[in-house]
Amino acid sequence: MQETIVQLTYLTASVLFILGLRSLTKPDDARRGMQLAALGMLLAIVGTLLHQEILTYTWIVAGLIIGTVVGYPLGQFVPMTAMPQRIAFSHMFGALAATLVGVGEFYHMYQGEHPTNPSVADTRFKMAAIGFEVMFGALTVSGSFMAFGKLQEFITGRPITFKGQNLLNGLLFVAASGCFGWLIYEPSNVVAFYSMVTIAFAIGFMLVLPIGGADMPVVVSLLNAYAGLAAAATGFAIGNNVLIIAGALDGASGFILSMIMSKAMNRSFANVLFGAFGSGGGAASKKTADGMVAKSIKAEDAAVLLGYAGKVIVVPGYGMAVAQAQHQVRELAELIEKKGGEVKYAIHPVAGRMPGHMNVLLAEANVPYDRMYDMEEINDQFAECDVAIVIGANDVVNPAAKTDPGSPIYGMPILRVSEAKSVIVLKRSMNTGFAGIENELFFDEKTSMLFGDAKASLSKLVSEVKQL
Amino acid sequence: MNTTGFMQLYIFILAGFVGFLMISRVPPLLHTPLMAATNAISGISLVGSIVLAGGQYGKLPTILGVIAVACAMTNVVGGFIITDRMLNMFKRGDKKPPVTKPDGGA
């Protein structure tokens with residue numbers, strides 16, 4: 001009877017999780033759907049507490065309280081601008097939980113005071129599951145830690161590379177697979193188990209080390225997928241279906257996102273993971289800025305251009321996130337609309353440091369979501385647009401992606417900003433963007449550069465447009 | 001490999017398909033909330049952690065279990081709250097744009 005109730009809560013939870021994720025296909029239903037998913041989680045937790053193998057509750061309650069105390073501020077107070085590192089951080093926690101459960105299971109089976117020492121034939125499958133669990137878990141823990149560090153900028157955002165890096169990574173990978181195979185052959189082998197955990201941990205560090213800030217969207221998505229797979233493997237190991245389902249959903253989501261992200265950069269997974277963009281021999285584009293002059297513009301003049309524009313498209317990039325200028329962007333847009341103009345936002349899939357980064361920032365600043373357009377939706381509209389205003393975006397609007405086969409970003413789909421009647425680029429200085437590539441757009445005769453911190457420039461624009 | 005193992009694989013693969021089909025339809029607009037949501041849902045590893053922490057499997061497994069419970073619970077609580085916070089920000093603009101006070105750019 002008790003077991004039936006437990007299983008029923010798991011079943012309900014699984015259904016609610018699926019419905020919750022499905023609700024995310026429509027922004028208006030999403031909130032309610034996710035609240036249902038949260039209810040499902042609550043049910044699953046309560047159900048688990050009824051589990052007959054549980055003998056003491058003290059430690060469970062302690063853990064739950066600690067988790068709530070740590071989790072609440074992480075949910076309630078972390079600013080939207082810190083979202084990429086916040087997500088990377090929680091991938092680390094999720095993977096750590098899976099890894100520890102795996103290690104605990106292994107210890108209980110072979111090393112504890114009363115090892116259960118199950119027969120080899122029975123445990124091969126379970127050991128394979130535990131192996132996947134701790135391997136994906138451990139590498140996600142260290143990988144996410146590195147991603148978190150790079151996004152929080154206590155580790156340099158530039159790719160870190162050295163000679164023989166790929167060889168070393170390959171060797172580590174072979175060693176981990178070797179330990180894994182050994183463990184399936186001989187499940188009780190303690191040395192193989194802990195070596196595998198350690199090596200997987202090292203792999204996580206090594207994988208993210210050479211990855212630069214602009215490639216973070218792919219990495220964060222990929223780590224999301226790994227964390228999901230680790231959770232699913234936990235489900236296999238302890239025979240729990242809700243874990244398998246949730247893990248599979250999580251894994252699918254992570255893989256879809258990483259695929260979308262790498263497509264938006266016109267690069268393969270392998271290239272992102274092993275390519276170390278913008279460092280390899282400085283495959284600099286042949287075109288340099290020599291002899292070309294960028295035209296700079298004063299805020300007053302830019303304000304005139306914007307104030308009397310009919311159609312304006314805003315192209316936000318990571319620079320907007322860094323300057324935290326989203327509120328000023330919305331203010332400017334409202335002013336333009338008040339003067340009769342129309343403002344839309346063009347969002348490149350890899351703008352920012354994680355999938356959907358720009359959308360969240362703009363939504364935070366009360367920009368209605370029906371003004372935000374995906375690349376495919378808006379690219380044809382640039383030709384009719386009077387002013388395109390680029391805020392801290394660089395590579396995603398670089399025409400070299402279409403015209404210069406020597407450029408490292410050649411083939412990447414871009415926002416066709418250069419088709420607009422005029423372009424205003426808000427930029428700190430003429431330094432090249434993350435990938436270190438010159439951007440011809442900035443030297444186009446339609447383009448005017450408004451130099452300075454994005455937030456300060458926008459505030460100036462706002463007050464100038466007000467005076468028109 | 002026994003029947004249970006096969007059943008688990010069926011579940012995994014079917015759930016993966018459902019996830020793939022469903023999540024391909026999530027618009028890029030909501031990709032960040034999607035990540036936060038899957039993160040919260042993956043906190044379901046709490047289920048495994050709880051059994052480990054309360055099962056009296058020995059001192060070490062209990063300690064590992066408690067840490068795992070804390071980590072997973074952090075994701076559950078933080079993940080669902082932050083997803084809700086984000087989704088609450090996505091508003092449609094067809095009516096009058098919301099009257100907002102110009103803040104100093106928080």
# chains A, B, ... in the order shown; residues from 1 in each chain; ligands from 1
>>> residues_around(residues="Gly19 (chain B)", least_positions_apart="6", cutoff="8 Å", atoms="only C-alpha atoms", output="NGL selection string")
:A and (18 or 248-250 or 252-253)
>>> closest_residue(among="A:Tyr10, A:Glu334, A:Gln85, A:Ala246", to="Gly149 (chain A)", atoms="only C-alpha atoms")
A:Gln85
>>> residues_around(residues="Ile82 (chain B)", least_positions_apart="2", cutoff="8 Å", atoms="only C-alpha atoms", output="ChimeraX atom specification")
/A:74-76 /B:36,78-80,84-86
>>> write_last_selection(atoms="C-alpha atoms", output="PDB file, in the first residue's frame")
ATOM      1  CA  LEU A  74      19.732  32.086  -5.003  1.00  0.00           C
ATOM      2  CA  GLY A  75      16.231  32.190  -6.420  1.00  0.00           C
ATOM      3  CA  GLN A  76      14.890  35.418  -5.018  1.00  0.00           C
TER       4      GLN A  76
ATOM      5  CA  ALA B  36      16.284  27.406 -15.091  1.00  0.00           C
ATOM      6  CA  GLY B  78      16.175  28.284  -6.002  1.00  0.00           C
ATOM      7  CA  GLY B  79      15.301  26.883  -9.407  1.00  0.00           C
ATOM      8  CA  PHE B  80      11.541  27.085  -9.138  1.00  0.00           C
ATOM      9  CA  ASP B  84       8.762  31.926 -11.616  1.00  0.00           C
ATOM     10  CA  ARG B  85      10.457  35.287 -11.177  1.00  0.00           C
ATOM     11  CA  MET B  86      11.643  35.280 -14.767  1.00  0.00           C
TER      12      MET B  86
END
>>> residues_around(residues="Leu19 (chain A)", least_positions_apart="3", cutoff="9 Å", atoms="only C-alpha atoms", output="compact mmCIF listing (two decimals) with N, CA and C atoms, in the first residue's frame")
# COMPACT_ATOMS: atom_id res chain seq x y z
N SER A 14 5.92 13.00 -12.60
CA SER A 14 6.43 12.90 -13.97
C SER A 14 5.51 13.62 -14.95
N VAL A 15 4.20 13.37 -14.79
CA VAL A 15 3.24 14.01 -15.70
C VAL A 15 3.31 15.53 -15.55
N LEU A 16 3.36 15.99 -14.30
CA LEU A 16 3.38 17.44 -14.08
C LEU A 16 4.65 18.08 -14.63
N ARG A 22 6.06 21.66 -21.16
CA ARG A 22 5.28 21.95 -22.35
C ARG A 22 4.71 23.37 -22.29
N SER A 23 4.36 23.81 -21.08
CA SER A 23 3.78 25.14 -20.95
C SER A 23 4.77 26.22 -21.37
N LEU A 24 6.06 25.88 -21.38
CA LEU A 24 7.06 26.88 -21.76
C LEU A 24 7.03 27.18 -23.26
N GLY A 33 2.14 26.71 -15.64
CA GLY A 33 2.65 25.38 -15.89
C GLY A 33 3.81 25.03 -14.98
N MET A 34 4.70 25.98 -14.79
CA MET A 34 5.84 25.70 -13.94
C MET A 34 5.45 25.60 -12.47
N LEU A 36 2.72 24.20 -11.56
CA LEU A 36 2.27 22.81 -11.48
C LEU A 36 3.46 21.87 -11.34
N ALA A 37 4.53 22.16 -12.09
CA ALA A 37 5.72 21.33 -11.99
C ALA A 37 6.30 21.37 -10.58
>>> atom_distance(atom1="CA of Glu113 (chain A)", atom2="CA of Ile130 (chain A)")
20.4 Å
>>> residues_around(residues="region 193-196 of chain A", least_positions_apart="2", cutoff="7 Å", atoms="only C-alpha atoms", output="PyMOL selection string")
chain A and resi 135+176+179-180+183+189-191+198-200
>>> write_last_selection(atoms="C-alpha atoms", output="mmCIF file, in the first residue's frame")
data_model
loop_
_atom_site.group_PDB
_atom_site.id
_atom_site.type_symbol
_atom_site.label_atom_id
_atom_site.label_comp_id
_atom_site.auth_asym_id
_atom_site.auth_seq_id
_atom_site.Cartn_x
_atom_site.Cartn_y
_atom_site.Cartn_z
ATOM 1 C CA MET A 135 31.403 10.137 -14.638
ATOM 2 C CA ALA A 176 38.303 7.325 -17.883
ATOM 3 C CA CYS A 179 38.346 2.575 -15.814
ATOM 4 C CA PHE A 180 34.685 2.449 -16.744
ATOM 5 C CA LEU A 183 34.440 -1.460 -13.517
ATOM 6 C CA ASN A 189 36.996 -2.773 -8.016
ATOM 7 C CA VAL A 190 37.512 0.156 -5.671
ATOM 8 C CA VAL A 191 40.606 1.498 -7.438
ATOM 9 C CA THR A 198 39.012 11.615 -10.227
ATOM 10 C CA ILE A 199 39.755 11.503 -13.938
ATOM 11 C CA ALA A 200 36.236 12.614 -14.852
#
